[in-house]
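**Q** First, the structure itself, so that you have it in front of you.
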Amino acid sequence: MDKISKINQTIQSYYQKQGVSSDLSEAVLYSLEAGGKRLRPLLMLQIIEGFGLSLTDSHYQAAASVELIHTGSLVHDDLPAMDNDDYRRGQLTSHKRFDEATAILVGDGLFLDSFGLLAAADLPDKVKTALIYELSLAAGSRGMVGGQMLDLKGEKQQLALPELQKIHANKTGKLLAFPFVAAGLIAEREDEELTALAKAGALIGLAFQVRDDILDVTADFAEIGKTPQKDLAAAKATYPSLAGLEQSYQILEESLAEAETIFQNLMKEGDFAAGQVLQTIERLRLDA
């Protein structure tokens, strides 16, 4: 079974256990099964393997936990009070398929269930505590949720590039950096390597956001599975609006190249097998 199929199976197994509300479980699975690249859990698993560990069910639980939070953030992002979008991953958003109250509860459930799934993983207590702490920092008011607030307050404002960078370093970047750090913690690597992994994750987070901003103005619905030019309509600051498309392409390429260099150095200086990770990073290029 390939990694993405196993990630999906791990998520489905968690929600197949009897919950309090079958209606809520249905709505949660509707968003989780809508597709997506599973980029965050995939990178975590590839880095764990890169350090020479054989993947276990617990590794998949840890990886799936970040996908729950990511999906919950998309459900909330699409709400009328936030980005107000009707489509995500090519299908109706949760509040359109069900209703707004259900979508709010779906997001709430996904945010909290992620920590239950992670806590249930059969990992050393010290490692598990560190993972729970890092995931909270990445997802909560010190990370994704805080960045989302900055993003809302920045609408229809004339932001400078450093302000935009702060928004996206938190809103998108920290949750994308978590799998890198998490993999290092699971592999019980030294602080120097954890620092390098965190930097690589931040670079991938930046690249992913710049890529998303570019696609918002250059792609159509069929390519991105959601309404294009939403940021333009909401008068949001984006990398293309502040730096221009050409400079945005350059930021994307340079960020990916710098992240690849970090993994190449880990391979040269230690026992890291970088092949899978480098292939995944390459697929983030717009011409991939």
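Chain labels run A, B, ... following the order of the structure tokens; each chain numbers its residues from 1, and ligands are numbered from 1 in the order shown.
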Find the residues of stretch 39-65 of chain A that sit at most 9 Å from stretch 112-132 of chain A; for each, write down the nearest two atoms and how far apart they are in Å, to one decimal. Count only C-alpha atoms. Sort by chain, then by number going up, and give it as JSON lines.

**A**
{"residue": "A:Asp57", "atom": "CA", "partner": "A:Ala121", "partner_atom": "CA", "distance": 7.8}
{"residue": "A:Ser58", "atom": "CA", "partner": "A:Ala121", "partner_atom": "CA", "distance": 4.6}
{"residue": "A:His59", "atom": "CA", "partner": "A:Ala121", "partner_atom": "CA", "distance": 7.5}
{"residue": "A:Tyr60", "atom": "CA", "partner": "A:Ala121", "partner_atom": "CA", "distance": 8.7}
{"residue": "A:Gln61", "atom": "CA", "partner": "A:Leu118", "partner_atom": "CA", "distance": 6.0}
{"residue": "A:Ala62", "atom": "CA", "partner": "A:Leu118", "partner_atom": "CA", "distance": 5.1}
{"residue": "A:Ala63", "atom": "CA", "partner": "A:Leu118", "partner_atom": "CA", "distance": 8.4}
{"residue": "A:Ala64", "atom": "CA", "partner": "A:Ser114", "partner_atom": "CA", "distance": 7.8}
{"residue": "A:Ser65", "atom": "CA", "partner": "A:Ser114", "partner_atom": "CA", "distance": 4.4}

**Q** Set the distance at 12 Å and use only C-alpha atoms: which residues neighbour A:Ser25 once local chain neighbours fewer than 3 positions away are removed? I'd like the list as a PyMOL selection string.

**A** chain A and resi 11-22+28-33+102-103+105-107+109-110+113

**Q** So the first atom is atom CA of A:Leu197 and the second is atom CA of A:Gly140; what is the distance between them in Å, to one decimal place?

**A**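 According to the coordinates, atom CA of A:Leu197 and atom CA of A:Gly140 are separated by 20.6 Å.
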
**Q** Could you name the residues that touch stretch 151-162 of chain A at 10 Å or less, counting only C-alpha atoms, but leaving out those on the same chain fewer than 4 positions away, as a list in words?

**A**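 Everything that qualifies: Ala81, Met82, Asp83, Val145, Gly146, Gly147, Lys166, Ile167, His168, Asn170, Lys171, Asp231, Ala234, Ala235, Lys236, Ala237, Thr238, Tyr239, Ser241, Leu242 and Ala243 of chain A.
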
**Q** Identify, on the basis of only C-alpha atoms, every residue whose closest approach to stretch 178-191 of chain A does not exceed 6 Å; exclude the query and any residue fewer than 3 positions from it along the same chain; express the result as a VMD selection string.

**A** chain A and resid 44 47 to 48 175 194 197 to 198 201

**Q** Output all heavy atoms for every residue in the selection just made, as a compact mmCIF listing (two decimals), in the first residue's frame.

**A**
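Result written to selection_31.txt:
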# COMPACT_ATOMS: atom_id res chain seq x y z
N MET A 44 6.34 14.30 6.15
CA MET A 44 6.77 13.78 7.45
C MET A 44 7.23 12.34 7.33
O MET A 44 8.30 11.96 7.83
CB MET A 44 5.64 13.87 8.48
CG MET A 44 6.11 13.48 9.89
SD MET A 44 4.76 13.21 11.10
CE MET A 44 3.98 14.79 11.14
N ILE A 47 10.56 11.97 5.42
CA ILE A 47 11.74 12.39 6.21
C ILE A 47 12.05 11.34 7.27
O ILE A 47 13.22 11.03 7.52
CB ILE A 47 11.50 13.78 6.83
CG1 ILE A 47 11.36 14.83 5.73
CG2 ILE A 47 12.68 14.17 7.73
CD1 ILE A 47 10.85 16.18 6.22
N ILE A 48 11.02 10.79 7.90
CA ILE A 48 11.25 9.70 8.87
C ILE A 48 12.00 8.55 8.19
O ILE A 48 12.99 8.04 8.73
CB ILE A 48 9.90 9.21 9.45
CG1 ILE A 48 9.28 10.28 10.36
CG2 ILE A 48 10.10 7.90 10.23
CD1 ILE A 48 7.85 9.96 10.79
N LEU A 175 2.44 25.44 9.97
CA LEU A 175 1.85 24.10 9.88
C LEU A 175 2.58 23.26 8.83
O LEU A 175 2.64 22.04 8.96
CB LEU A 175 0.36 24.18 9.58
CG LEU A 175 -0.42 22.89 9.85
CD1 LEU A 175 -0.39 22.54 11.34
CD2 LEU A 175 -1.86 23.00 9.38
N LEU A 194 17.59 19.40 13.87
CA LEU A 194 16.22 19.90 14.04
C LEU A 194 16.12 21.34 13.56
O LEU A 194 15.12 21.73 12.94
CB LEU A 194 15.81 19.80 15.51
CG LEU A 194 15.63 18.39 16.07
CD1 LEU A 194 15.33 18.45 17.57
CD2 LEU A 194 14.51 17.64 15.35
N LEU A 197 16.04 21.26 9.79
CA LEU A 197 14.73 20.79 9.33
C LEU A 197 13.68 21.89 9.46
O LEU A 197 12.83 22.06 8.57
CB LEU A 197 14.31 19.56 10.12
CG LEU A 197 15.08 18.27 9.83
CD1 LEU A 197 14.78 17.22 10.89
CD2 LEU A 197 14.74 17.73 8.44
N ALA A 198 13.72 22.63 10.57
CA ALA A 198 12.76 23.72 10.77
C ALA A 198 12.93 24.79 9.69
O ALA A 198 11.94 25.34 9.17
CB ALA A 198 12.94 24.33 12.16
N GLY A 201 11.50 23.48 6.45
CA GLY A 201 10.04 23.54 6.51
C GLY A 201 9.50 24.94 6.29
O GLY A 201 8.50 25.14 5.59

**Q** Atom CA of A:Leu286 and atom CA of A:Val75 are how many Å apart?

**A** 25.4 Å

**Q** Please provide as a list in words all residues within 7 Å of stretch 89-100 of chain A, with the sequence filter that same-chain residues fewer than 2 positions apart are discarded (counting only C-alpha atoms).

**A**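 That gives Ser31, Ala34, Gly35, Gly36, Val75, Asp78, Leu79, Asp86, Tyr87, Thr102, Ala103, Ile104, Gly225 and Lys226 of chain A.
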
**Q** Nearest residue to A:Ala177 out of A:Asp23, A:Glu134, A:Glu163, A:Glu258, using only C-alpha atoms?

**A**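 With only C-alpha atoms as the atom set, the closest residue is A:Glu134.
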
**Q** Rank nothing, just name the residue among A:Glu260, A:Asp77, A:Gly205, A:Asp216 nearest to A:Gly275, using only C-alpha atoms.

**A**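 The answer is A:Glu260, which sits nearest to A:Gly275.
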
**Q** Taking only C-alpha atoms into account, name the residue in A:Ala257, A:Met144, A:Leu53, A:Leu24 that is nearest to A:Asp271.

**A**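 Closest to A:Asp271 of all the choices is A:Leu53.
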
**Q** Considering only C-alpha atoms, state which residue in the set A:Thr10, A:Ala219, A:Tyr249, A:Glu193 is at the smallest distance from A:Glu269.

**A**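 Of A:Thr10, A:Ala219, A:Tyr249, A:Glu193, the one nearest A:Glu269, counting only C-alpha atoms, is A:Glu193.
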